[in-house]
>>> print(open('coords_6.csv').read())   # CSV, N, CA, C and O atoms
chain,number,residue,atom,x,y,z
A,1,MET,N,-56.5,-119.4,-100.9
A,1,MET,CA,-57.2,-120.0,-99.8
A,1,MET,C,-58.4,-119.1,-99.4
A,1,MET,O,-58.3,-117.9,-99.5
A,2,LEU,N,-59.5,-119.7,-99.0
A,2,LEU,CA,-60.7,-119.0,-98.6
A,2,LEU,C,-61.4,-119.8,-97.5
A,2,LEU,O,-61.7,-120.9,-97.7
A,3,PHE,N,-61.5,-119.1,-96.3
A,3,PHE,CA,-62.1,-119.8,-95.1
A,3,PHE,C,-61.4,-121.1,-94.8
A,3,PHE,O,-62.1,-122.1,-94.5
A,4,GLY,N,-60.1,-121.2,-95.0
A,4,GLY,CA,-59.3,-122.4,-94.7
A,4,GLY,C,-59.5,-123.5,-95.8
A,4,GLY,O,-59.0,-124.6,-95.5
A,5,THR,N,-60.1,-123.2,-96.9
A,5,THR,CA,-60.2,-124.2,-98.0
A,5,THR,C,-59.4,-123.7,-99.2
A,5,THR,O,-59.0,-122.6,-99.3
A,6,GLY,N,-59.1,-124.7,-100.0
A,6,GLY,CA,-58.3,-124.4,-101.2
A,6,GLY,C,-57.0,-125.2,-101.2
A,6,GLY,O,-57.0,-126.2,-100.5
A,7,PRO,N,-56.0,-124.9,-101.9
A,7,PRO,CA,-55.8,-123.6,-102.6
A,7,PRO,C,-56.6,-123.5,-103.9
A,7,PRO,O,-56.9,-124.6,-104.5
A,8,TYR,N,-57.0,-122.3,-104.3
A,8,TYR,CA,-57.7,-122.1,-105.5
A,8,TYR,C,-56.9,-121.3,-106.5
A,8,TYR,O,-56.0,-120.6,-106.0
A,9,GLN,N,-57.2,-121.3,-107.7
A,9,GLN,CA,-56.7,-120.4,-108.7
A,9,GLN,C,-57.5,-119.2,-108.6
A,9,GLN,O,-58.7,-119.2,-108.2
A,10,GLY,N,-57.0,-118.0,-109.0
A,10,GLY,CA,-57.8,-116.8,-108.8
A,10,GLY,C,-57.4,-115.7,-109.8
A,10,GLY,O,-56.3,-115.7,-110.4
A,11,ALA,N,-58.4,-114.8,-110.1
A,11,ALA,CA,-58.2,-113.7,-111.0
A,11,ALA,C,-59.0,-112.5,-110.4
A,11,ALA,O,-60.1,-112.7,-109.9
A,12,VAL,N,-58.4,-111.3,-110.5
A,12,VAL,CA,-59.1,-110.1,-110.1
A,12,VAL,C,-59.4,-109.2,-111.3
A,12,VAL,O,-58.5,-109.0,-112.1
A,13,ASP,N,-60.6,-108.8,-111.4
A,13,ASP,CA,-61.1,-107.8,-112.4
A,13,ASP,C,-61.1,-106.5,-111.7
A,13,ASP,O,-61.9,-106.3,-110.7
A,14,VAL,N,-60.3,-105.5,-112.1
A,14,VAL,CA,-60.3,-104.2,-111.4
A,14,VAL,C,-61.3,-103.3,-112.0
A,14,VAL,O,-61.6,-103.4,-113.2
A,15,ALA,N,-61.7,-102.3,-111.2
A,15,ALA,CA,-62.7,-101.3,-111.7
A,15,ALA,C,-61.9,-100.3,-112.6
A,15,ALA,O,-60.7,-100.1,-112.5
A,16,ARG,N,-62.7,-99.5,-113.4
A,16,ARG,CA,-62.1,-98.5,-114.2
A,16,ARG,C,-61.5,-97.4,-113.3
A,16,ARG,O,-61.8,-97.3,-112.1
A,17,ARG,N,-60.7,-96.5,-113.9
A,17,ARG,CA,-60.1,-95.4,-113.1
A,17,ARG,C,-61.1,-94.5,-112.4
A,17,ARG,O,-60.9,-94.1,-111.3
A,18,GLN,N,-62.3,-94.3,-112.9
A,18,GLN,CA,-63.3,-93.4,-112.3
A,18,GLN,C,-63.8,-94.0,-111.0
A,18,GLN,O,-64.2,-93.3,-110.1
A,19,ALA,N,-63.9,-95.3,-110.9
A,19,ALA,CA,-64.4,-96.0,-109.7
A,19,ALA,C,-63.3,-96.8,-109.0
A,19,ALA,O,-62.8,-97.7,-109.6
A,20,ALA,N,-63.0,-96.4,-107.8
A,20,ALA,CA,-62.0,-97.2,-107.1
A,20,ALA,C,-62.5,-98.5,-106.7
A,20,ALA,O,-63.7,-98.7,-106.4
A,21,GLY,N,-61.6,-99.5,-106.6
A,21,GLY,CA,-62.0,-100.8,-106.1
A,21,GLY,C,-61.8,-101.9,-107.1
A,21,GLY,O,-61.0,-101.8,-108.1
A,22,PHE,N,-62.6,-102.9,-107.0
A,22,PHE,CA,-62.6,-104.1,-107.9
A,22,PHE,C,-64.0,-104.4,-108.4
A,22,PHE,O,-65.0,-104.0,-107.8
A,23,ARG,N,-64.0,-105.1,-109.6
A,23,ARG,CA,-65.3,-105.5,-110.1
A,23,ARG,C,-65.6,-106.9,-109.6
A,23,ARG,O,-66.8,-107.2,-109.4
A,24,GLN,N,-64.6,-107.8,-109.6
A,24,GLN,CA,-64.9,-109.1,-109.0
A,24,GLN,C,-63.6,-109.8,-108.8
A,24,GLN,O,-62.6,-109.6,-109.5
A,25,LEU,N,-63.6,-110.8,-107.9
A,25,LEU,CA,-62.5,-111.7,-107.6
A,25,LEU,C,-63.1,-113.1,-108.0
A,25,LEU,O,-64.2,-113.4,-107.5
A,26,THR,N,-62.4,-113.8,-108.9
A,26,THR,CA,-62.9,-115.1,-109.3
A,26,THR,C,-62.0,-116.2,-108.8
A,26,THR,O,-60.8,-116.1,-109.0
A,27,LEU,N,-62.5,-117.2,-108.1
A,27,LEU,CA,-61.8,-118.3,-107.6
A,27,LEU,C,-62.3,-119.6,-108.3
A,27,LEU,O,-63.5,-119.8,-108.5
A,28,TRP,N,-61.4,-120.6,-108.6
A,28,TRP,CA,-61.7,-121.9,-109.1
A,28,TRP,C,-60.7,-122.9,-108.8
A,28,TRP,O,-59.6,-122.5,-108.4
A,29,HIS,N,-61.0,-124.1,-109.0
A,29,HIS,CA,-60.0,-125.2,-108.8
A,29,HIS,C,-59.8,-125.9,-110.1
A,29,HIS,O,-60.7,-126.2,-110.8
A,30,ASP,N,-58.5,-126.1,-110.5
A,30,ASP,CA,-58.2,-126.6,-111.8
A,30,ASP,C,-58.7,-128.0,-112.1
A,30,ASP,O,-59.1,-128.3,-113.2
A,31,THR,N,-58.7,-128.8,-111.1
A,31,THR,CA,-59.0,-130.2,-111.3
A,31,THR,C,-60.3,-130.7,-110.7
A,31,THR,O,-60.8,-131.8,-111.0
A,32,ASP,N,-60.9,-130.0,-109.7
A,32,ASP,CA,-62.1,-130.4,-109.0
A,32,ASP,C,-63.1,-129.3,-109.0
A,32,ASP,O,-63.1,-128.4,-108.2
A,33,PRO,N,-64.1,-129.4,-109.9
A,33,PRO,CA,-65.1,-128.4,-110.1
A,33,PRO,C,-66.0,-128.2,-108.8
A,33,PRO,O,-66.6,-127.2,-108.6
A,34,SER,N,-66.0,-129.2,-107.9
A,34,SER,CA,-66.8,-129.1,-106.7
A,34,SER,C,-66.0,-128.6,-105.5
A,34,SER,O,-66.6,-128.4,-104.5
A,35,ALA,N,-64.8,-128.3,-105.7
A,35,ALA,CA,-63.9,-127.8,-104.6
A,35,ALA,C,-64.4,-126.5,-103.9
A,35,ALA,O,-64.3,-126.3,-102.7
A,36,VAL,N,-65.0,-125.6,-104.7
A,36,VAL,CA,-65.4,-124.3,-104.2
A,36,VAL,C,-66.7,-124.5,-103.3
A,36,VAL,O,-67.0,-123.6,-102.5
A,37,PHE,N,-67.3,-125.6,-103.3
A,37,PHE,CA,-68.4,-125.9,-102.4
A,37,PHE,C,-67.9,-125.9,-100.9
A,37,PHE,O,-68.7,-125.5,-100.0
A,38,LYS,N,-66.7,-126.3,-100.7
A,38,LYS,CA,-66.1,-126.3,-99.4
A,38,LYS,C,-66.1,-124.9,-98.8
A,38,LYS,O,-66.3,-124.7,-97.6
A,39,ALA,N,-65.8,-123.9,-99.6
A,39,ALA,CA,-65.7,-122.5,-99.2
A,39,ALA,C,-67.1,-122.0,-98.7
A,39,ALA,O,-67.2,-121.2,-97.8
A,40,THR,N,-68.2,-122.5,-99.3
A,40,THR,CA,-69.5,-122.0,-98.9
A,40,THR,C,-69.9,-122.6,-97.6
A,40,THR,O,-70.7,-122.0,-96.9
A,41,GLU,N,-69.3,-123.7,-97.1
A,41,GLU,CA,-69.5,-124.2,-95.8
A,41,GLU,C,-69.0,-123.1,-94.8
A,41,GLU,O,-69.7,-122.9,-93.8
A,42,GLY,N,-67.9,-122.5,-95.1
A,42,GLY,CA,-67.4,-121.4,-94.2
A,42,GLY,C,-68.3,-120.2,-94.2
A,42,GLY,O,-68.5,-119.6,-93.1
A,43,LEU,N,-68.9,-119.9,-95.3
A,43,LEU,CA,-69.9,-118.8,-95.4
A,43,LEU,C,-71.1,-119.1,-94.5
A,43,LEU,O,-71.5,-118.2,-93.7
A,44,ALA,N,-71.6,-120.3,-94.6
A,44,ALA,CA,-72.8,-120.7,-93.7
A,44,ALA,C,-72.4,-120.6,-92.2
A,44,ALA,O,-73.2,-120.1,-91.4
A,45,GLN,N,-71.2,-121.1,-91.9
A,45,GLN,CA,-70.8,-121.0,-90.5
A,45,GLN,C,-70.7,-119.6,-89.9
A,45,GLN,O,-70.8,-119.4,-88.7
A,46,GLN,N,-70.4,-118.7,-90.8
A,46,GLN,CA,-70.3,-117.3,-90.4
A,46,GLN,C,-71.5,-116.4,-90.6
A,46,GLN,O,-71.5,-115.2,-90.5
A,47,GLY,N,-72.7,-117.1,-90.8
A,47,GLY,CA,-74.0,-116.4,-90.8
A,47,GLY,C,-74.4,-115.8,-92.2
A,47,GLY,O,-75.3,-115.0,-92.2
A,48,TRP,N,-73.7,-116.2,-93.2
A,48,TRP,CA,-74.2,-115.7,-94.6
A,48,TRP,C,-75.4,-116.4,-95.0
A,48,TRP,O,-75.6,-117.6,-94.7
A,49,GLN,N,-76.3,-115.7,-95.7
A,49,GLN,CA,-77.6,-116.3,-96.2
A,49,GLN,C,-77.4,-116.8,-97.6
A,49,GLN,O,-76.9,-116.1,-98.5
A,50,ARG,N,-77.9,-118.0,-97.9
A,50,ARG,CA,-77.8,-118.6,-99.2
A,50,ARG,C,-79.1,-118.4,-100.0
A,50,ARG,O,-80.2,-118.6,-99.5
A,51,CYS,N,-79.0,-117.9,-101.2
A,51,CYS,CA,-80.1,-117.8,-102.1
A,51,CYS,C,-79.7,-118.4,-103.5
A,51,CYS,O,-78.5,-118.6,-103.7
A,52,ARG,N,-80.7,-118.7,-104.3
A,52,ARG,CA,-80.5,-119.3,-105.6
A,52,ARG,C,-81.3,-118.6,-106.6
A,52,ARG,O,-82.5,-118.4,-106.4
A,53,THR,N,-80.7,-118.4,-107.8
A,53,THR,CA,-81.4,-117.9,-108.9
A,53,THR,C,-82.0,-119.1,-109.6
A,53,THR,O,-81.6,-120.2,-109.4
A,54,GLY,N,-82.9,-118.9,-110.6
A,54,GLY,CA,-83.5,-120.0,-111.3
A,54,GLY,C,-84.7,-120.5,-110.6
A,54,GLY,O,-85.3,-119.8,-109.8
A,55,SER,N,-85.1,-121.7,-110.9
A,55,SER,CA,-86.3,-122.3,-110.3
A,55,SER,C,-86.0,-123.4,-109.3
A,55,SER,O,-85.2,-124.3,-109.6
A,56,GLU,N,-86.6,-123.4,-108.2
A,56,GLU,CA,-86.5,-124.4,-107.1
A,56,GLU,C,-85.0,-124.6,-106.8
A,56,GLU,O,-84.3,-123.7,-106.5
A,57,ASP,N,-84.5,-125.9,-106.8
A,57,ASP,CA,-83.1,-126.1,-106.5
A,57,ASP,C,-82.3,-126.3,-107.7
A,57,ASP,O,-81.2,-126.8,-107.7
A,58,ARG,N,-82.7,-125.9,-108.9
A,58,ARG,CA,-82.0,-126.0,-110.1
A,58,ARG,C,-81.5,-124.7,-110.7
A,58,ARG,O,-81.7,-124.4,-111.8
A,59,GLY,N,-81.1,-123.8,-109.8
A,59,GLY,CA,-80.7,-122.5,-110.2
A,59,GLY,C,-79.4,-122.4,-110.9
A,59,GLY,O,-78.6,-123.3,-110.9
A,60,ASP,N,-79.2,-121.2,-111.5
A,60,ASP,CA,-77.9,-121.0,-112.2
A,60,ASP,C,-76.8,-120.5,-111.2
A,60,ASP,O,-75.7,-120.9,-111.4
A,61,GLN,N,-77.2,-119.8,-110.2
A,61,GLN,CA,-76.2,-119.2,-109.3
A,61,GLN,C,-76.7,-119.4,-107.9
A,61,GLN,O,-77.8,-119.3,-107.6
A,62,GLU,N,-75.7,-119.7,-107.0
A,62,GLU,CA,-75.9,-119.6,-105.6
A,62,GLU,C,-75.3,-118.3,-105.0
A,62,GLU,O,-74.2,-118.1,-105.2
A,63,ILE,N,-76.2,-117.5,-104.5
A,63,ILE,CA,-75.8,-116.1,-104.0
A,63,ILE,C,-75.7,-116.1,-102.5
A,63,ILE,O,-76.7,-116.6,-101.8
A,64,TRP,N,-74.6,-115.7,-101.9
A,64,TRP,CA,-74.4,-115.6,-100.5
A,64,TRP,C,-74.3,-114.1,-100.1
A,64,TRP,O,-73.5,-113.4,-100.6
A,65,THR,N,-75.2,-113.7,-99.2
A,65,THR,CA,-75.2,-112.3,-98.7
A,65,THR,C,-75.3,-112.3,-97.2
A,65,THR,O,-75.7,-113.2,-96.5
A,66,LYS,N,-74.8,-111.1,-96.6
A,66,LYS,CA,-74.9,-110.9,-95.2
A,66,LYS,C,-75.2,-109.4,-95.0
A,66,LYS,O,-74.5,-108.6,-95.6
A,67,PRO,N,-76.2,-109.1,-94.1
A,67,PRO,CA,-76.5,-107.7,-93.9
A,67,PRO,C,-75.2,-106.9,-93.4
A,67,PRO,O,-74.4,-107.4,-92.6
A,68,GLY,N,-75.0,-105.8,-94.1
A,68,GLY,CA,-73.9,-104.9,-93.8
A,68,GLY,C,-72.6,-105.3,-94.5
A,68,GLY,O,-71.6,-104.5,-94.4
A,69,ALA,N,-72.5,-106.4,-95.1
A,69,ALA,CA,-71.3,-106.8,-95.9
A,69,ALA,C,-71.1,-105.9,-97.1
A,69,ALA,O,-72.1,-105.6,-97.8
A,70,ARG,N,-69.9,-105.6,-97.5
A,70,ARG,CA,-69.7,-104.8,-98.6
A,70,ARG,C,-69.5,-105.7,-99.9
A,70,ARG,O,-69.3,-105.1,-101.0
A,71,VAL,N,-69.5,-107.0,-99.7
A,71,VAL,CA,-69.4,-107.9,-100.9
A,71,VAL,C,-70.5,-109.0,-100.8
A,71,VAL,O,-71.1,-109.1,-99.7
A,72,ARG,N,-70.6,-109.7,-101.9
A,72,ARG,CA,-71.5,-110.9,-101.9
A,72,ARG,C,-70.7,-112.0,-102.6
A,72,ARG,O,-69.7,-111.7,-103.3
A,73,PHE,N,-71.1,-113.2,-102.4
A,73,PHE,CA,-70.4,-114.3,-103.1
A,73,PHE,C,-71.4,-114.9,-104.1
A,73,PHE,O,-72.6,-115.1,-103.7
A,74,SER,N,-71.0,-115.3,-105.2
A,74,SER,CA,-71.8,-116.0,-106.2
A,74,SER,C,-71.1,-117.2,-106.8
A,74,SER,O,-69.9,-117.1,-107.3
A,75,MET,N,-71.7,-118.3,-106.7
A,75,MET,CA,-71.1,-119.6,-107.2
A,75,MET,C,-72.0,-120.2,-108.3
A,75,MET,O,-73.2,-120.2,-108.2
A,76,ASP,N,-71.3,-120.6,-109.4
A,76,ASP,CA,-72.0,-121.3,-110.5
A,76,ASP,C,-72.5,-122.6,-110.0
A,76,ASP,O,-71.9,-123.4,-109.4
A,77,LEU,N,-73.8,-122.9,-110.3
A,77,LEU,CA,-74.4,-124.2,-110.1
A,77,LEU,C,-74.5,-124.9,-111.4
A,77,LEU,O,-74.2,-126.1,-111.5
A,78,SER,N,-74.9,-124.3,-112.4
A,78,SER,CA,-75.0,-124.8,-113.8
A,78,SER,C,-73.7,-124.3,-114.5
A,78,SER,O,-73.5,-123.1,-114.5
A,79,TYR,N,-72.9,-125.1,-115.1
A,79,TYR,CA,-71.7,-124.6,-115.6
A,79,TYR,C,-71.2,-125.5,-116.8
A,79,TYR,O,-71.6,-126.7,-116.9
A,80,TRP,N,-70.3,-125.0,-117.6
A,80,TRP,CA,-69.6,-125.7,-118.6
A,80,TRP,C,-68.1,-125.5,-118.3
A,80,TRP,O,-67.6,-124.4,-118.4
A,81,GLY,N,-67.5,-126.5,-117.9
A,81,GLY,CA,-66.0,-126.4,-117.6
A,81,GLY,C,-65.8,-126.2,-116.1
A,81,GLY,O,-66.4,-126.9,-115.3
A,82,LYS,N,-65.1,-125.2,-115.7
A,82,LYS,CA,-64.7,-125.0,-114.3
A,82,LYS,C,-65.8,-124.2,-113.5
A,82,LYS,O,-66.2,-123.2,-114.0
A,83,ARG,N,-66.2,-124.7,-112.4
A,83,ARG,CA,-67.1,-124.0,-111.5
A,83,ARG,C,-66.3,-122.9,-110.8
A,83,ARG,O,-65.2,-123.1,-110.3
A,84,ARG,N,-66.9,-121.7,-110.8
A,84,ARG,CA,-66.2,-120.6,-110.2
A,84,ARG,C,-67.0,-120.0,-109.0
A,84,ARG,O,-68.2,-120.1,-109.0
A,85,LEU,N,-66.3,-119.4,-108.1
A,85,LEU,CA,-66.8,-118.7,-107.0
A,85,LEU,C,-66.4,-117.3,-107.1
A,85,LEU,O,-65.2,-117.0,-107.2
A,86,ARG,N,-67.3,-116.4,-107.2
A,86,ARG,CA,-66.9,-115.0,-107.4
A,86,ARG,C,-67.3,-114.1,-106.2
A,86,ARG,O,-68.3,-114.4,-105.5
A,87,VAL,N,-66.4,-113.2,-105.9
A,87,VAL,CA,-66.6,-112.2,-104.8
A,87,VAL,C,-66.9,-110.9,-105.5
A,87,VAL,O,-66.1,-110.4,-106.3
A,88,LEU,N,-68.1,-110.4,-105.3
A,88,LEU,CA,-68.6,-109.2,-106.0
A,88,LEU,C,-68.9,-108.0,-105.0
A,88,LEU,O,-69.4,-108.3,-103.9
A,89,PRO,N,-68.7,-106.8,-105.4
A,89,PRO,CA,-69.1,-105.7,-104.6
A,89,PRO,C,-70.6,-105.8,-104.4
A,89,PRO,O,-71.4,-106.1,-105.3
A,90,GLU,N,-71.1,-105.5,-103.2
A,90,GLU,CA,-72.5,-105.5,-102.9
A,90,GLU,C,-73.2,-104.3,-103.5
A,90,GLU,O,-72.7,-103.2,-103.1
A,91,ALA,N,-74.2,-104.4,-104.3
A,91,ALA,CA,-74.8,-103.3,-104.9
A,91,ALA,C,-76.4,-103.5,-104.9
A,91,ALA,O,-77.1,-102.9,-105.7
A,92,GLY,N,-76.8,-104.4,-104.0
A,92,GLY,CA,-78.3,-104.6,-103.9
A,92,GLY,C,-78.9,-105.3,-105.1
A,92,GLY,O,-80.1,-105.2,-105.3
A,93,GLN,N,-78.2,-106.1,-105.8
A,93,GLN,CA,-78.7,-106.9,-106.9
A,93,GLN,C,-79.7,-107.9,-106.4
A,93,GLN,O,-79.6,-108.3,-105.3
A,94,PRO,N,-80.6,-108.4,-107.3
A,94,PRO,CA,-81.5,-109.5,-106.9
A,94,PRO,C,-80.7,-110.7,-106.4
A,94,PRO,O,-79.6,-111.0,-107.0
A,95,THR,N,-81.3,-111.5,-105.5
A,95,THR,CA,-80.6,-112.7,-105.0
A,95,THR,C,-81.3,-114.0,-105.3
A,95,THR,O,-80.8,-115.0,-105.1
A,96,GLY,N,-82.5,-113.9,-105.8
A,96,GLY,CA,-83.3,-115.1,-106.1
A,96,GLY,C,-84.0,-115.6,-104.9
A,96,GLY,O,-84.3,-114.8,-104.0
A,97,LYS,N,-84.3,-116.9,-104.8
A,97,LYS,CA,-85.1,-117.5,-103.6
A,97,LYS,C,-84.1,-117.8,-102.5
A,97,LYS,O,-83.1,-118.5,-102.7
A,98,CYS,N,-84.4,-117.3,-101.3
A,98,CYS,CA,-83.4,-117.4,-100.2
A,98,CYS,C,-84.0,-118.4,-99.1
A,98,CYS,O,-85.2,-118.5,-99.0
A,99,TRP,N,-83.1,-119.0,-98.3
A,99,TRP,CA,-83.5,-119.7,-97.1
A,99,TRP,C,-82.3,-119.8,-96.2
A,99,TRP,O,-81.3,-119.4,-96.4
>>> encode(input="coords_6.csv", output="structure tokens")
Amino acid sequence: MLFGTGPYQGAVDVARRQAAGFRQLTLWHDTDPSAVFKATEGLAQQGWQRCRTGSEDRGDQEIWTKPGARVRFSMDLSYWGKRRLRVLPEAGQPTGKCW
């Protein structure tokens, strides 16, 4: 569950021994590729900013960031198979075009 939506399937990629923490948490829905869009509604309600990579509204990823947050969310827009929503450690990576 995320922001009261789900349930989702999930997998955690952990960091190597030298770096404590995780590399990413990946969430998806087995039968509904659009289900993770519901979680992004919760992000918007909590003040997260939406950005997209790619050109105009046909980007590859939708990136959600919030000042001071230790993570960011990244959702597949263009995909083959299951759409995933990833929770990633914030490291100041590019976010694309924001609004």
>>> atom_distance(input="coords_6.csv", atom1="CA of Gly10 in chain A", atom2="CA of Leu27 in chain A")
4.4 Å
>>> atom_distance(input="coords_6.csv", atom1="CA of Gly96 in chain A", atom2="atom N of Thr5 in chain A")
26.2 Å
>>> closest_residue(input="coords_6.csv", among="A:Trp48, A:Glu41, A:Ala35, A:Lys97", to="Asp76 in chain A", atoms="only C-alpha atoms")
A:Ala35
>>> select_by_dssp(input="coords_6.csv", residues="chain A", states="alpha helix (DSSP H)", output="ChimeraX atom specification")
/A:37-45
>>> residues_around(input="coords_6.csv", residues="Pro67 in chain A", least_positions_apart="4", cutoff="12 Å", atoms="only C-alpha atoms", output="list in words")
Gln46, Gly47, Trp48, Gln49, Val71, Arg72, Glu90, Ala91 and Gly92 of chain A
>>> write_last_selection(input="coords_6.csv", atoms="N, CA, C and O atoms", output="PDB file, in the coordinates of the input")
ATOM      1  N   GLN A  46     -70.400-118.700 -90.800  1.00  0.00           N
ATOM      2  CA  GLN A  46     -70.300-117.300 -90.400  1.00  0.00           C
ATOM      3  C   GLN A  46     -71.500-116.400 -90.600  1.00  0.00           C
ATOM      4  O   GLN A  46     -71.500-115.200 -90.500  1.00  0.00           O
ATOM      5  N   GLY A  47     -72.700-117.100 -90.800  1.00  0.00           N
ATOM      6  CA  GLY A  47     -74.000-116.400 -90.800  1.00  0.00           C
ATOM      7  C   GLY A  47     -74.400-115.800 -92.200  1.00  0.00           C
ATOM      8  O   GLY A  47     -75.300-115.000 -92.200  1.00  0.00           O
ATOM      9  N   TRP A  48     -73.700-116.200 -93.200  1.00  0.00           N
ATOM     10  CA  TRP A  48     -74.200-115.700 -94.600  1.00  0.00           C
ATOM     11  C   TRP A  48     -75.400-116.400 -95.000  1.00  0.00           C
ATOM     12  O   TRP A  48     -75.600-117.600 -94.700  1.00  0.00           O
ATOM     13  N   GLN A  49     -76.300-115.700 -95.700  1.00  0.00           N
ATOM     14  CA  GLN A  49     -77.600-116.300 -96.200  1.00  0.00           C
ATOM     15  C   GLN A  49     -77.400-116.800 -97.600  1.00  0.00           C
ATOM     16  O   GLN A  49     -76.900-116.100 -98.500  1.00  0.00           O
ATOM     17  N   VAL A  71     -69.500-107.000 -99.700  1.00  0.00           N
ATOM     18  CA  VAL A  71     -69.400-107.900-100.900  1.00  0.00           C
ATOM     19  C   VAL A  71     -70.500-109.000-100.800  1.00  0.00           C
ATOM     20  O   VAL A  71     -71.100-109.100 -99.700  1.00  0.00           O
ATOM     21  N   ARG A  72     -70.600-109.700-101.900  1.00  0.00           N
ATOM     22  CA  ARG A  72     -71.500-110.900-101.900  1.00  0.00           C
ATOM     23  C   ARG A  72     -70.700-112.000-102.600  1.00  0.00           C
ATOM     24  O   ARG A  72     -69.700-111.700-103.300  1.00  0.00           O
ATOM     25  N   GLU A  90     -71.100-105.500-103.200  1.00  0.00           N
ATOM     26  CA  GLU A  90     -72.500-105.500-102.900  1.00  0.00           C
ATOM     27  C   GLU A  90     -73.200-104.300-103.500  1.00  0.00           C
ATOM     28  O   GLU A  90     -72.700-103.200-103.100  1.00  0.00           O
ATOM     29  N   ALA A  91     -74.200-104.400-104.300  1.00  0.00           N
ATOM     30  CA  ALA A  91     -74.800-103.300-104.900  1.00  0.00           C
ATOM     31  C   ALA A  91     -76.400-103.500-104.900  1.00  0.00           C
ATOM     32  O   ALA A  91     -77.100-102.900-105.700  1.00  0.00           O
ATOM     33  N   GLY A  92     -76.800-104.400-104.000  1.00  0.00           N
ATOM     34  CA  GLY A  92     -78.300-104.600-103.900  1.00  0.00           C
ATOM     35  C   GLY A  92     -78.900-105.300-105.100  1.00  0.00           C
ATOM     36  O   GLY A  92     -80.100-105.200-105.300  1.00  0.00           O
TER      37      GLY A  92
END
>>> closest_residue(input="coords_6.csv", among="A:Phe3, A:Tyr8, A:Arg52, A:Thr95", to="Asp30 in chain A", atoms="only N, CA, C and O atoms")
A:Tyr8
>>> closest_residue(input="coords_6.csv", among="A:Asp13, A:Cys98, A:Arg86, A:Leu2", to="Arg50 in chain A", atoms="only N, CA, C and O atoms")
A:Cys98
>>> select_by_dssp(input="coords_6.csv", residues="range 41-99 of chain A", states="strand (DSSP E)", output="list of chain:residue names")
A:Gln49, A:Arg50, A:Cys51, A:Arg52, A:Gln61, A:Glu62, A:Ile63, A:Trp64, A:Thr65, A:Val71, A:Arg72, A:Phe73, A:Ser74, A:Met75, A:Asp76, A:Arg84, A:Leu85, A:Arg86, A:Val87, A:Leu88, A:Pro89, A:Lys97, A:Cys98
>>> atom_distance(input="coords_6.csv", atom1="CA of Ile63 in chain A", atom2="atom O of Gln93 in chain A")
8.8 Å
>>> residues_around(input="coords_6.csv", residues="Phe22 in chain A", least_positions_apart="4", cutoff="7 Å", atoms="all atoms listed in the file", output="PDB file with N, CA, C and O atoms, keeping the file's coordinate frame")
ATOM      1  N   VAL A  12     -58.400-111.300-110.500  1.00  0.00           N
ATOM      2  CA  VAL A  12     -59.100-110.100-110.100  1.00  0.00           C
ATOM      3  C   VAL A  12     -59.400-109.200-111.300  1.00  0.00           C
ATOM      4  O   VAL A  12     -58.500-109.000-112.100  1.00  0.00           O
ATOM      5  N   ASP A  13     -60.600-108.800-111.400  1.00  0.00           N
ATOM      6  CA  ASP A  13     -61.100-107.800-112.400  1.00  0.00           C
ATOM      7  C   ASP A  13     -61.100-106.500-111.700  1.00  0.00           C
ATOM      8  O   ASP A  13     -61.900-106.300-110.700  1.00  0.00           O
ATOM      9  N   VAL A  14     -60.300-105.500-112.100  1.00  0.00           N
ATOM     10  CA  VAL A  14     -60.300-104.200-111.400  1.00  0.00           C
ATOM     11  C   VAL A  14     -61.300-103.300-112.000  1.00  0.00           C
ATOM     12  O   VAL A  14     -61.600-103.400-113.200  1.00  0.00           O
ATOM     13  N   ALA A  15     -61.700-102.300-111.200  1.00  0.00           N
ATOM     14  CA  ALA A  15     -62.700-101.300-111.700  1.00  0.00           C
ATOM     15  C   ALA A  15     -61.900-100.300-112.600  1.00  0.00           C
ATOM     16  O   ALA A  15     -60.700-100.100-112.500  1.00  0.00           O
ATOM     17  N   VAL A  87     -66.400-113.200-105.900  1.00  0.00           N
ATOM     18  CA  VAL A  87     -66.600-112.200-104.800  1.00  0.00           C
ATOM     19  C   VAL A  87     -66.900-110.900-105.500  1.00  0.00           C
ATOM     20  O   VAL A  87     -66.100-110.400-106.300  1.00  0.00           O
ATOM     21  N   LEU A  88     -68.100-110.400-105.300  1.00  0.00           N
ATOM     22  CA  LEU A  88     -68.600-109.200-106.000  1.00  0.00           C
ATOM     23  C   LEU A  88     -68.900-108.000-105.000  1.00  0.00           C
ATOM     24  O   LEU A  88     -69.400-108.300-103.900  1.00  0.00           O
ATOM     25  N   PRO A  89     -68.700-106.800-105.400  1.00  0.00           N
ATOM     26  CA  PRO A  89     -69.100-105.700-104.600  1.00  0.00           C
ATOM     27  C   PRO A  89     -70.600-105.800-104.400  1.00  0.00           C
ATOM     28  O   PRO A  89     -71.400-106.100-105.300  1.00  0.00           O
TER      29      PRO A  89
END
>>> closest_residue(input="coords_6.csv", among="A:Ala69, A:Leu85, A:Leu25, A:Val36", to="Ala11 in chain A", atoms="only N, CA, C and O atoms")
A:Leu25
